[in-house]
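What follows is the content of target02.cif (mmCIF, C-alpha atoms).
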data_final
#
loop_
_atom_site.label_atom_id
_atom_site.label_comp_id
_atom_site.auth_asym_id
_atom_site.auth_seq_id
_atom_site.Cartn_x
_atom_site.Cartn_y
_atom_site.Cartn_z
CA MET A 210 -41.92 17.99 -8.63
CA ALA A 211 -38.64 18.54 -10.41
CA LEU A 212 -36.88 16.67 -7.63
CA LEU A 213 -39.28 13.77 -7.95
CA ALA A 214 -38.70 13.66 -11.67
CA ARG A 215 -34.96 13.26 -11.02
CA ALA A 216 -35.40 10.66 -8.31
CA PRO A 217 -32.88 7.80 -8.55
CA ALA A 218 -33.99 4.64 -10.27
CA GLN A 219 -32.61 2.52 -7.45
CA PRO A 220 -33.40 2.73 -3.78
CA GLY A 221 -30.96 4.68 -1.68
CA ARG A 222 -30.89 8.00 0.05
CA LEU A 223 -28.90 10.94 -1.21
CA GLY A 224 -26.61 12.48 1.36
CA ARG A 225 -26.37 9.40 3.53
CA LEU A 226 -22.94 8.14 4.54
CA ARG A 227 -21.94 4.68 3.44
CA HIS A 228 -20.22 2.52 6.02
CA ARG A 229 -17.46 0.36 4.70
CA LYS A 230 -17.52 -3.02 6.41
CA ASN A 231 -15.23 -5.95 6.99
CA ILE A 232 -15.71 -8.24 3.97
CA GLY A 233 -16.13 -11.15 6.36
CA GLU A 234 -19.05 -9.47 8.08
CA LEU A 235 -21.20 -8.64 5.08
CA THR A 236 -24.60 -10.28 5.12
CA PRO A 237 -25.25 -12.75 2.28
CA ALA A 238 -27.47 -10.12 0.66
CA GLU A 239 -24.78 -7.43 0.96
CA LEU A 240 -22.15 -9.74 -0.51
CA GLU A 241 -24.46 -10.67 -3.35
CA ALA A 242 -25.10 -7.00 -4.07
CA LEU A 243 -21.40 -6.23 -4.02
CA ARG A 244 -20.68 -9.05 -6.44
CA ALA A 245 -23.47 -7.96 -8.75
CA ALA A 246 -22.21 -4.37 -8.83
CA TRP A 247 -18.66 -5.62 -9.35
CA LYS A 248 -19.70 -7.79 -12.25
CA ALA A 249 -21.55 -4.89 -13.82
CA LEU A 250 -18.53 -2.61 -13.41
CA VAL A 251 -16.22 -5.16 -15.03
CA ALA A 252 -18.60 -5.36 -17.99
CA VAL A 253 -18.31 -1.65 -18.77
CA PRO A 254 -15.64 -1.22 -21.46
CA ASP A 255 -15.27 2.57 -21.39
CA ASP A 256 -14.02 5.18 -18.94
CA ARG A 257 -16.69 4.25 -16.41
CA GLY A 258 -15.51 0.67 -16.13
CA TYR A 259 -13.22 -1.56 -14.09
CA GLN A 260 -10.33 -1.65 -16.55
CA TYR A 261 -10.20 2.13 -16.72
CA PHE A 262 -9.99 2.57 -12.97
CA ALA A 263 -7.56 -0.33 -12.49
CA GLY A 264 -5.33 1.41 -15.02
CA TRP A 265 -4.91 4.51 -12.89
CA HIS A 266 -2.56 2.67 -10.55
CA GLY A 267 -0.12 1.12 -13.01
CA VAL A 268 -0.56 0.10 -16.64
CA PRO A 269 -1.34 2.24 -18.54
CA PHE A 270 -1.56 5.45 -16.50
CA GLY A 271 0.74 4.93 -13.50
CA TRP A 272 -0.54 7.64 -11.18
CA CYS A 273 -0.16 5.86 -7.85
CA GLY A 274 3.03 7.63 -6.91
CA ARG A 275 5.50 5.93 -4.62
CA HIS A 276 5.31 3.24 -1.97
CA ASP A 277 8.29 4.16 0.17
CA GLY A 278 6.83 6.55 2.72
CA ASP A 279 5.75 9.20 0.22
CA PRO A 280 3.38 11.50 2.18
CA LEU A 281 1.02 11.47 -0.81
CA PHE A 282 0.61 7.70 -0.54
CA LEU A 283 -2.39 7.77 1.80
CA PRO A 284 -4.23 10.76 0.28
CA TRP A 285 -3.81 9.54 -3.29
CA HIS A 286 -5.12 6.06 -2.52
CA ARG A 287 -8.02 7.52 -0.50
CA ALA A 288 -8.99 9.63 -3.51
CA TYR A 289 -8.54 6.61 -5.77
CA LEU A 290 -10.93 4.50 -3.69
CA TYR A 291 -13.38 7.40 -3.59
CA HIS A 292 -13.60 7.45 -7.39
CA PHE A 293 -13.70 3.67 -7.69
CA GLU A 294 -16.43 3.37 -5.09
CA LEU A 295 -18.52 5.97 -6.92
CA ALA A 296 -18.13 3.97 -10.13
CA LEU A 297 -19.31 0.89 -8.26
CA GLN A 298 -22.24 2.85 -6.85
CA ASP A 299 -23.25 3.82 -10.37
CA HIS A 300 -24.48 0.22 -10.49
CA ASP A 301 -25.86 -0.01 -6.96
CA ARG A 302 -25.79 3.06 -4.83
CA ASN A 303 -26.12 1.03 -1.65
CA VAL A 304 -22.84 -0.84 -1.96
CA ALA A 305 -19.64 0.30 -0.31
CA LEU A 306 -16.10 -0.97 -0.60
CA PRO A 307 -15.38 -3.66 1.99
CA TRP A 308 -12.07 -3.96 3.82
CA TRP A 309 -9.82 -6.97 4.27
CA ASP A 310 -8.85 -7.29 7.92
CA TRP A 311 -5.32 -8.59 7.47
CA MET A 312 -4.55 -7.37 10.96
CA ASN A 313 -6.74 -10.01 12.56
CA GLU A 314 -7.58 -12.68 10.03
CA PRO A 315 -5.35 -15.26 8.36
CA GLY A 316 -5.12 -15.90 4.67
CA ILE A 317 -7.37 -14.53 1.96
CA PRO A 318 -10.98 -13.76 2.89
CA ALA A 319 -13.38 -16.43 1.71
CA ALA A 320 -15.38 -13.90 -0.29
CA TYR A 321 -12.31 -13.36 -2.51
CA GLU A 322 -11.08 -16.95 -2.40
CA GLN A 323 -14.16 -18.80 -3.61
CA ARG A 324 -14.16 -19.46 -7.36
CA ARG A 325 -17.81 -20.34 -7.88
CA PRO A 326 -19.88 -19.72 -4.77
CA GLY A 327 -23.35 -21.09 -5.28
CA GLY A 328 -22.34 -22.24 -8.76
CA LYS A 329 -21.85 -18.68 -10.01
CA VAL A 330 -18.58 -17.10 -11.15
CA ASN A 331 -17.16 -14.97 -8.35
CA PRO A 332 -16.06 -11.58 -9.73
CA LEU A 333 -14.07 -10.99 -6.53
CA HIS A 334 -11.88 -14.03 -7.14
CA SER A 335 -10.20 -12.77 -10.30
CA ALA A 336 -10.60 -10.28 -13.09
CA PRO A 337 -9.58 -9.96 -16.70
CA ILE A 338 -6.68 -7.65 -17.49
CA LYS A 339 -7.43 -5.58 -20.57
CA PRO A 340 -5.76 -2.21 -20.00
CA TYR A 341 -7.93 0.66 -21.13
CA MET A 342 -7.19 1.99 -24.61
CA ALA A 343 -3.84 0.17 -24.69
CA ASN A 344 -2.48 -2.27 -27.22
CA PRO A 345 -1.62 -5.45 -25.32
CA GLN A 346 2.05 -6.30 -25.50
CA ALA A 347 3.90 -9.59 -25.37
CA GLY A 348 4.14 -10.83 -21.83
CA TRP A 349 1.24 -8.84 -20.44
CA PRO A 350 -0.97 -10.82 -18.09
CA THR A 351 -4.53 -11.35 -19.28
CA VAL A 352 -6.10 -12.43 -16.01
CA THR A 353 -5.23 -11.82 -12.37
CA ARG A 354 -3.49 -14.48 -10.30
CA ARG A 355 -2.30 -14.83 -6.71
CA ALA A 356 0.62 -16.64 -5.07
CA PRO A 357 0.16 -16.22 -1.32
CA GLY A 358 3.30 -16.95 0.66
CA ALA A 359 5.51 -17.58 -2.37
CA ASN A 360 7.84 -14.88 -1.09
CA THR A 361 8.80 -16.76 2.05
CA GLN A 362 10.24 -13.82 3.99
CA THR A 363 7.07 -11.77 3.99
CA LEU A 364 4.84 -11.78 7.06
CA PRO A 365 1.61 -13.70 6.50
CA PRO A 366 -1.58 -12.21 7.84
CA PRO A 367 -2.72 -11.71 10.53
CA LEU A 368 -0.36 -8.87 11.42
CA ARG A 369 -2.01 -8.08 14.73
CA ASP A 370 1.29 -7.94 16.57
CA ARG A 371 2.13 -4.88 14.45
CA GLY A 372 -1.01 -3.05 15.53
CA ASN A 373 0.50 -1.04 18.34
CA TRP A 374 3.61 -0.33 16.31
CA VAL A 375 1.71 1.16 13.41
CA MET A 376 -0.63 3.22 15.58
CA GLU A 377 2.04 4.49 17.97
CA PRO A 378 3.32 7.55 16.03
CA THR A 379 1.71 10.90 16.61
CA SER A 380 3.13 12.46 13.46
CA TYR A 381 1.45 11.82 10.14
CA THR A 382 4.78 11.35 8.40
CA GLU A 383 5.89 8.55 10.69
CA PHE A 384 2.48 6.88 10.64
CA SER A 385 2.48 7.03 6.85
CA ARG A 386 5.94 5.45 6.72
CA ARG A 387 4.92 2.59 8.99
CA VAL A 388 1.59 1.82 7.39
CA THR A 389 3.29 1.84 3.98
CA LEU A 390 5.64 -0.89 5.19
CA LEU A 391 2.72 -3.06 6.35
CA HIS A 392 0.94 -2.37 3.06
CA ASN A 393 4.01 -3.37 1.05
CA ASN A 394 4.30 -6.59 3.04
CA ILE A 395 0.76 -7.64 2.12
CA HIS A 396 1.40 -6.95 -1.56
CA GLY A 397 4.56 -9.03 -1.32
CA TRP A 398 2.89 -11.83 0.61
CA LEU A 399 -0.05 -12.16 -1.79
CA GLY A 400 2.25 -11.97 -4.82
CA GLY A 401 1.14 -12.62 -8.37
CA THR A 402 -0.77 -9.67 -9.79
CA MET A 403 -0.83 -7.95 -6.42
CA GLY A 404 2.95 -8.24 -6.25
CA GLN A 405 3.57 -5.72 -9.01
CA VAL A 406 2.75 -2.02 -8.85
CA ASP A 407 1.93 -1.98 -12.56
CA TRP A 408 -0.80 -4.62 -12.33
CA ALA A 409 -1.91 -4.80 -8.69
CA ALA A 410 -5.14 -2.81 -9.04
CA TYR A 411 -6.56 -5.29 -11.53
CA ASP A 412 -6.92 -7.86 -8.71
CA PRO A 413 -10.29 -7.32 -7.01
CA ILE A 414 -8.71 -7.83 -3.60
CA PHE A 415 -6.54 -4.76 -4.18
CA TRP A 416 -9.51 -2.57 -3.29
CA ALA A 417 -10.20 -4.38 -0.02
CA HIS A 418 -6.50 -4.23 0.84
CA HIS A 419 -6.44 -0.49 0.31
CA ALA A 420 -9.71 0.01 2.13
CA MET A 421 -7.93 -1.61 5.09
CA VAL A 422 -4.98 0.76 4.72
CA ASP A 423 -7.40 3.68 4.47
CA ARG A 424 -9.25 2.40 7.54
CA LEU A 425 -6.02 2.30 9.54
CA TRP A 426 -5.46 5.93 8.59
CA ARG A 427 -9.01 6.75 9.73
CA ILE A 428 -8.46 4.98 13.06
CA TRP A 429 -5.16 6.80 13.47
CA GLN A 430 -6.96 10.09 12.78
CA HIS A 431 -9.40 9.29 15.56
CA ARG A 432 -6.49 8.78 17.92
CA ASN A 433 -4.69 11.91 16.76
CA PRO A 434 -7.42 14.47 16.12
CA GLY A 435 -6.24 17.34 13.99
CA ALA A 436 -3.00 15.66 12.95
CA LEU A 437 -2.39 16.55 9.33
CA PRO A 438 0.12 15.81 6.61
CA ALA A 439 2.86 18.42 6.28
CA ALA A 440 1.52 21.88 5.45
CA ASP A 441 3.47 22.09 2.21
CA ILE A 442 1.48 19.26 0.61
CA LEU A 443 -2.02 20.08 1.84
CA GLU A 444 -2.96 22.01 -1.28
CA THR A 445 -1.27 19.56 -3.63
CA PRO A 446 -3.72 18.30 -6.26
CA LEU A 447 -3.71 14.53 -6.60
CA GLN A 448 -3.26 13.02 -10.03
CA LEU A 449 -6.59 11.45 -10.91
CA GLY A 450 -8.33 10.66 -14.16
CA LYS A 451 -11.67 12.23 -13.38
CA LYS A 452 -12.99 15.29 -11.65
CA PRO A 453 -13.10 16.10 -8.86
CA ILE A 454 -9.34 16.41 -8.82
CA LEU A 455 -9.02 16.33 -5.05
CA THR A 456 -6.28 18.05 -3.11
CA VAL A 457 -4.62 16.40 -0.15
CA ARG A 458 -6.66 18.60 2.19
CA GLU A 459 -9.88 17.42 0.57
CA THR A 460 -9.05 13.82 1.47
CA ILE A 461 -8.56 14.43 5.19
CA ASP A 462 -12.20 14.06 6.25
CA VAL A 463 -13.73 10.79 5.05
CA LYS A 464 -17.23 12.06 5.83
CA ARG A 465 -16.77 14.75 3.19
CA LEU A 466 -16.14 11.88 0.81
CA GLY A 467 -19.33 10.12 1.84
CA TYR A 468 -18.16 7.18 3.90
CA ASP A 469 -16.82 6.01 7.22
CA TYR A 470 -15.59 2.82 8.83
CA ALA A 471 -17.80 2.49 11.86
CA GLY A 472 -17.92 -1.10 13.04
CA VAL A 473 -21.57 -0.76 13.83
CA ALA A 474 -23.92 1.81 12.34
CA VAL A 475 -27.59 1.59 13.14
CA SER A 476 -30.14 4.06 11.84
CA VAL A 477 -33.78 4.72 12.57
CA GLY A 478 -36.16 6.80 10.53
CA GLY A 479 -36.42 10.50 11.24
CA SER A 480 -39.50 12.52 12.05
CA ARG A 481 -40.49 13.15 8.47
CA MET B 41 15.99 -18.31 -3.68
CA ILE B 42 17.57 -16.13 -1.00
CA GLN B 43 20.10 -13.49 -1.96
CA ARG B 44 22.63 -12.17 0.53
CA TRP B 45 24.34 -8.81 0.89
CA THR B 46 26.61 -7.68 3.71
CA SER B 47 27.78 -4.13 4.36
CA LYS B 48 31.14 -2.88 5.41
CA PRO B 49 31.35 -2.11 9.14
CA LEU B 50 29.59 1.12 10.04
CA PRO B 51 30.97 2.91 13.12
CA LEU B 52 28.41 3.10 15.90
CA GLN B 53 29.23 6.44 17.46
CA VAL B 54 27.22 7.03 20.58
CA GLY B 55 27.66 10.00 22.90
CA ALA B 56 27.99 9.72 26.64
CA GLY B 57 24.26 10.14 27.06
CA GLY B 58 23.47 7.10 24.96
CA PHE B 59 21.00 7.00 22.08
CA SER B 60 17.28 7.45 21.83
CA ARG B 61 16.81 5.89 18.42
CA VAL B 62 18.88 4.19 15.73
CA ASP B 63 17.83 4.00 12.09
CA LEU B 64 19.13 2.35 8.98
CA GLU B 65 18.44 4.40 5.89
CA PHE B 66 18.55 2.70 2.52
CA GLU B 67 18.79 5.43 -0.08
CA GLY B 68 18.33 5.11 -3.79
CA VAL B 69 16.63 1.73 -3.76
CA ALA B 70 15.68 0.49 -7.22
CA HIS B 71 12.08 -0.69 -7.58
CA ASP B 72 11.94 -1.46 -11.27
CA GLY B 73 12.02 -5.23 -10.94
CA PRO B 74 10.19 -7.86 -8.88
CA THR B 75 8.74 -7.04 -5.48
CA PHE B 76 11.12 -8.31 -2.81
CA THR B 77 11.58 -8.55 0.94
CA ALA B 78 14.82 -7.86 2.80
CA LEU B 79 15.41 -9.07 6.34
CA LEU B 80 18.27 -7.30 8.10
CA TYR B 81 20.64 -8.73 10.69
CA LEU B 82 23.35 -6.97 12.65
CA ASN B 83 26.89 -8.30 13.02
CA ASN B 84 26.00 -11.76 11.82
CA PRO B 85 27.25 -12.14 8.23
CA ASP B 86 26.86 -15.90 8.38
CA VAL B 87 23.21 -15.77 9.38
CA PRO B 88 21.53 -18.88 7.91
CA GLU B 89 19.06 -18.39 5.07
CA GLY B 90 16.11 -19.58 7.08
CA ALA B 91 16.71 -17.30 10.06
CA GLY B 92 13.53 -15.33 9.54
CA ARG B 93 12.84 -12.81 12.29
CA ASP B 94 14.80 -14.71 14.93
CA GLU B 95 16.27 -12.25 17.42
CA SER B 96 18.86 -14.82 18.45
CA GLN B 97 20.26 -14.39 14.93
CA ASN B 98 20.47 -10.63 15.53
CA PHE B 99 17.45 -9.85 13.38
CA ALA B 100 16.89 -6.08 13.39
CA ALA B 101 14.22 -5.15 10.85
CA GLY B 102 12.65 -6.12 7.57
CA PHE B 103 10.96 -4.37 4.71
CA THR B 104 9.18 -5.22 1.50
CA VAL B 105 9.74 -3.15 -1.61
CA PHE B 106 6.54 -3.10 -3.64
CA ALA B 107 8.08 -2.88 -7.10
CA HIS B 108 6.81 -2.34 -10.60
CA GLY B 109 7.82 -5.53 -12.39
CA ASP B 110 9.06 -5.66 -15.94
CA CYS B 111 9.04 -2.56 -18.09
CA TRP B 112 6.10 -2.62 -20.46
CA GLY B 113 6.80 0.53 -22.46
CA ALA B 114 8.99 1.41 -25.38
CA LEU B 115 12.69 2.26 -25.13
CA GLY B 116 13.23 4.82 -22.37
CA HIS B 117 9.84 4.35 -20.71
CA CYS B 118 11.33 2.99 -17.52
CA GLU B 119 14.43 5.15 -17.46
CA PRO B 120 14.23 6.93 -14.10
CA LEU B 121 17.04 9.41 -14.63
CA ARG B 122 14.86 11.97 -16.36
CA GLU B 123 16.09 15.49 -15.73
CA PRO B 124 13.82 18.54 -15.96
CA VAL B 125 13.89 19.86 -19.50
CA SER B 126 13.88 23.44 -18.20
CA ALA B 127 13.28 25.51 -15.11
CA PHE B 128 9.61 25.50 -16.06
CA ASP B 129 9.35 21.71 -15.96
CA LEU B 130 7.10 21.16 -12.95
CA ARG B 131 6.22 17.58 -13.76
CA PRO B 132 6.60 15.11 -10.90
CA GLU B 133 9.63 12.90 -10.83
CA HIS B 134 9.65 9.66 -12.74
CA PRO B 135 7.65 6.90 -11.01
CA LEU B 136 10.75 4.72 -11.03
CA SER B 137 13.00 7.25 -9.38
CA PRO B 138 14.92 5.38 -6.69
CA ALA B 139 13.16 5.13 -3.34
CA ASN B 140 14.35 5.57 0.25
CA PHE B 141 13.48 3.28 3.12
CA THR B 142 14.07 4.04 6.80
CA LEU B 143 14.15 1.16 9.29
CA ASP B 144 14.08 1.69 13.03
CA ILE B 145 16.60 -0.73 14.57
CA THR B 146 16.63 0.79 18.08
CA ASP B 147 15.41 -2.37 19.79
CA ALA B 148 18.00 -4.59 18.14
CA VAL B 149 20.90 -2.25 18.88
CA THR B 150 19.73 -1.86 22.47
CA ARG B 151 19.50 -5.61 22.85
CA LEU B 152 22.91 -6.34 21.31
CA ALA B 153 24.70 -3.49 23.06
CA ALA B 154 23.50 -4.86 26.37
CA GLU B 155 25.23 -8.15 25.59
CA ARG B 156 28.58 -6.71 24.57
CA PRO B 157 30.03 -3.34 23.54
CA MET B 158 29.29 -2.49 19.90
CA GLU B 159 31.78 -0.30 18.10
CA THR B 160 30.64 -1.11 14.60
CA VAL B 161 27.59 -2.46 12.87
CA ARG B 162 27.67 -4.74 9.85
CA VAL B 163 24.35 -5.21 8.20
CA THR B 164 23.50 -8.43 6.42
CA ALA B 165 20.41 -8.51 4.23
CA LEU B 166 18.71 -11.74 3.26
CA VAL B 167 16.60 -10.90 0.24
CA SER B 168 13.77 -12.96 -1.22
CA SER B 169 11.13 -12.64 -3.88
CA GLU B 170 8.30 -14.57 -5.40
CA ALA B 171 10.22 -14.23 -8.67
CA ASP B 172 12.93 -16.73 -9.51
CA VAL B 173 15.87 -14.40 -10.03
CA ARG B 174 19.45 -15.17 -9.11
CA ASN B 175 20.72 -11.74 -8.11
CA GLY B 176 20.15 -8.03 -8.15
CA LEU B 177 16.93 -7.85 -6.17
CA LEU B 178 18.27 -5.35 -3.62
CA ARG B 179 19.97 -2.55 -5.53
CA PHE B 180 20.61 0.74 -3.76
CA GLU B 181 23.04 3.63 -3.60
CA THR B 182 23.77 4.20 0.08
CA LEU B 183 23.17 2.65 3.48
CA THR B 184 23.43 5.05 6.40
CA LEU B 185 23.41 4.28 10.10
CA VAL B 186 21.75 7.17 11.91
CA VAL B 187 22.09 7.47 15.68
CA TYR B 188 19.92 9.92 17.54
CA GLU B 189 21.50 10.84 20.83
CA ALA B 190 19.44 10.80 23.97
CA VAL B 191 18.53 14.14 25.43
CA SER B 192 20.93 14.84 28.25
CA ALA B 193 19.43 15.28 31.67
CA ALA B 194 21.57 18.39 32.04
CA VAL B 195 19.94 20.18 29.12
#

Just give me the structure as structure tokens.
Amino acid sequence: MALLARAPAQPGRLGRLRHRKNIGELTPAELEALRAAWKALVAVPDDRGYQYFAGWHGVPFGWCGRHDGDPLFLPWHRAYLYHFELALQDHDRNVALPWWDWMNEPGIPAAYEQRRPGGKVNPLHSAPIKPYMANPQAGWPTVTRRAPGANTQTLPPPLRDRGNWVMEPTSYTEFSRRVTLLHNNIHGWLGGTMGQVDWAAYDPIFWAHHAMVDRLWRIWQHRNPGALPAADILETPLQLGKKPILTVRETIDVKRLGYDYAGVAVSVGGSR
Amino acid sequence: MIQRWTSKPLPLQVGAGGFSRVDLEFEGVAHDGPTFTALLYLNNPDVPEGAGRDESQNFAAGFTVFAHGDCWGALGHCEPLREPVSAFDLRPEHPLSPANFTLDITDAVTRLAAERPMETVRVTALVSSEADVRNGLLRFETLTLVVYEAVSAAV
């Protein structure tokens, strides 16, 4: 009875993995649910809200580390997405972060590009920038913006011809270095808010970009079972604003974090 | 606006067994300004600005530095040369500490060496950004050419 009394207010099953999907393959209902949860998260002004989590990456907290092949790059961003996704699921426990397939698809996904789909404001198109507990300073942006292709020497998506190159290494260190370079290129290509470490995470597409990076790591893990980051960083705690403060080792298995990237996941009811 | 930088010649010292891999290592790269992209060409200092990734222009590699943008803090906030205050200072290094980037240029060197003997390598970087800045996008301390020798069949 005690369990029933604590049953969640929304439908959803505890202990069930969420499958992150390609943003372009969400059903209309899934996309609508994602946008609704996103909008609700943006509306929260405290340390459960969008501005707080966006601030972990750059302004004001700056915990993202480095983007030059740092072996903590992948684990830290995996942990970051884990916390952000939980915050999103506080509003709808059935949503999961989608990924942006910049390996295979050109341009910006329509779900992030549309300003007013169906006449409603699209919270995935842009977001306000109001850094958590910070006094805005002269020159700070107040809303996200994008400038795709303004840096003419970046590679525009799709980057499919880099697929073999990024997956080829069998060492974590080399894979991390290569995927970081692809990641940097997308930040540079999209430009605007996404083109600056300090502000990038305020753009809603940041999360789909990093879900793609995280997905590439997951695919690489499938190809290289047991391949780990260097032993001397496995117990390193990652700098995060909320518990659990995960170590690198605790980010290795995505299923321990409650999600996976299966292209297709079909379930049937059990025997009870 | 494209910015250009060309290195001094770097000796390409290859043993009798040849090489298995050649890297360029940019050390101490500043990332406290606009995000930028550098495309690298070998032994072609006059490469035209619009060369892109054209192998016929001796393109070797490219990389984007995802940088922080303007400093938003008070005086000293973005000063990366913070030293530990004591032996007990276990804080991580400053987020703006200079970065290192390693670029694998094996394919380009293999291709060019097949055309004619290469005794030196001069690297030209064409650097671009979304930001409209005239110079100083690519700032770094050292560029190193690293040649990994092939494993000899006799070993």

message: Between B:Gly176, B:Pro157, B:Pro120, B:Gly102, which residue has the minimum interatomic distance to chain A, considering all atoms listed in the file?
response: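 Between B:Gly176, B:Pro157, B:Pro120, B:Gly102, the residue approaching chain A most closely is B:Gly102.
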
query: Between B:Gly58, B:Gly116, B:Gly109, B:Pro49, which one has atoms that come closest to chain A, using all atoms listed in the file?
result: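 Closest candidate: B:Gly109.
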
field: Expected selection from the PyMOL selection byres ((chain A) within 9 of (chain B)), given as a PyMOL selection string
entry: chain A and resi 267-268+271-278+346-349+356+358-363+386+390-398+400-401+404-408

For those residues, write C-alpha atoms to a file as a compact mmCIF listing (two decimals), in the coordinates of the input.
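Listed below is the output, out_6.txt:
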# COMPACT_ATOMS: atom_id res chain seq x y z
CA GLY A 267 -0.12 1.12 -13.01
CA VAL A 268 -0.56 0.10 -16.64
CA GLY A 271 0.74 4.93 -13.50
CA TRP A 272 -0.54 7.64 -11.18
CA CYS A 273 -0.16 5.86 -7.85
CA GLY A 274 3.03 7.63 -6.91
CA ARG A 275 5.50 5.93 -4.62
CA HIS A 276 5.31 3.24 -1.97
CA ASP A 277 8.29 4.16 0.17
CA GLY A 278 6.83 6.55 2.72
CA GLN A 346 2.05 -6.30 -25.50
CA ALA A 347 3.90 -9.59 -25.37
CA GLY A 348 4.14 -10.83 -21.83
CA TRP A 349 1.24 -8.84 -20.44
CA ALA A 356 0.62 -16.64 -5.07
CA GLY A 358 3.30 -16.95 0.66
CA ALA A 359 5.51 -17.58 -2.37
CA ASN A 360 7.84 -14.88 -1.09
CA THR A 361 8.80 -16.76 2.05
CA GLN A 362 10.24 -13.82 3.99
CA THR A 363 7.07 -11.77 3.99
CA ARG A 386 5.94 5.45 6.72
CA LEU A 390 5.64 -0.89 5.19
CA LEU A 391 2.72 -3.06 6.35
CA HIS A 392 0.94 -2.37 3.06
CA ASN A 393 4.01 -3.37 1.05
CA ASN A 394 4.30 -6.59 3.04
CA ILE A 395 0.76 -7.64 2.12
CA HIS A 396 1.40 -6.95 -1.56
CA GLY A 397 4.56 -9.03 -1.32
CA TRP A 398 2.89 -11.83 0.61
CA GLY A 400 2.25 -11.97 -4.82
CA GLY A 401 1.14 -12.62 -8.37
CA GLY A 404 2.95 -8.24 -6.25
CA GLN A 405 3.57 -5.72 -9.01
CA VAL A 406 2.75 -2.02 -8.85
CA ASP A 407 1.93 -1.98 -12.56
CA TRP A 408 -0.80 -4.62 -12.33

query: atom CA of A:Asp256 and atom CA of A:Pro340, how far apart in Å?
result: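 Atom CA of A:Pro340 sits 11.1 Å away from atom CA of A:Asp256.
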
field: Selection result of the PyMOL selection byres ((chain B and resi 180-191) around 7) on this file, as a PyMOL selection string
entry: chain B and resi 50+54-55+57-70+178-179+192-193

message: Ranking A:Tyr411, A:Tyr381, A:Trp426, A:Trp308 by minimum distance to A:Arg354 and counting all atoms listed in the file, which one comes first?
response: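 Residue with the minimum atom-to-atom distance to A:Arg354: A:Tyr411.
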
- request: Skip A:Arg324 itself and residues of its chain fewer than 5 positions away, then list as a list of chain:residue names all residues within 12 Å of it, counting all atoms listed in the file.
  value: A:Ala319, A:Lys329, A:Val330, A:Asn331, A:Pro332, A:Leu333, A:His334, A:Ser335, A:Ala336

field: Å distance separating atom CA of A:His300 from atom CA of A:Ile317, one decimal place
entry: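 Distance reported for this atom pair: 25.8 Å.
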
Selected residue of minimal separation from B:Leu80 among B:Ala127, B:Val163, B:Leu52, B:Ala148, counting all atoms listed in the file: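 Checking each of B:Ala127, B:Val163, B:Leu52, B:Ala148 against B:Leu80, counting all atoms listed in the file, the winner is B:Val163.
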
query: When you draw a straight line from atom CA of A:Pro345 to atom CA of A:Val253, how long is it in Å?
result: 18.3 Å

- prompt: Near stretch 242-247 of chain A, within 12 Å and counting all atoms listed in the file, which residues show up once chain neighbours fewer than 6 positions away are dropped, as a PyMOL selection string?
  reply: chain A and resi 229-230+232+235-236+253+258-260+293-307+320-321+325-326+329-336+412-414+416

task: Go through the shown structure with the PyMOL selection byres ((chain A and resi 352) around 7) and write out the matching residues as a PyMOL selection string.
output: chain A and resi 336-338+350-351+353-354

task: Have a look at A:Ile428, A:Leu364, A:Ala420, A:Leu226 and name the one nearest to A:Leu399; count all atoms listed in the file.
output: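 Residue with the minimum atom-to-atom distance to A:Leu399: A:Leu364.
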
field: Nearest to A:Glu322 by atom-to-atom distance, counting only C-alpha atoms, from A:Arg287, A:Leu437, A:Gly233, A:Lys339
entry: A:Gly233

- prompt: Contacts of A:Tyr470 at 8 Å or less, counting all atoms listed in the file, minus same-chain residues fewer than 2 places along, as a PyMOL selection string?
  reply: chain A and resi 228-230+424+427+468+472

message: Need to verify the contact set: A:Asp310, 9 Å, all atoms listed in the file, exclusion of same-chain residues closer than 4 positions in sequence. Can you return it as a PyMOL selection string?
response: chain A and resi 231-233+314-315+318+366-367+417-418+421
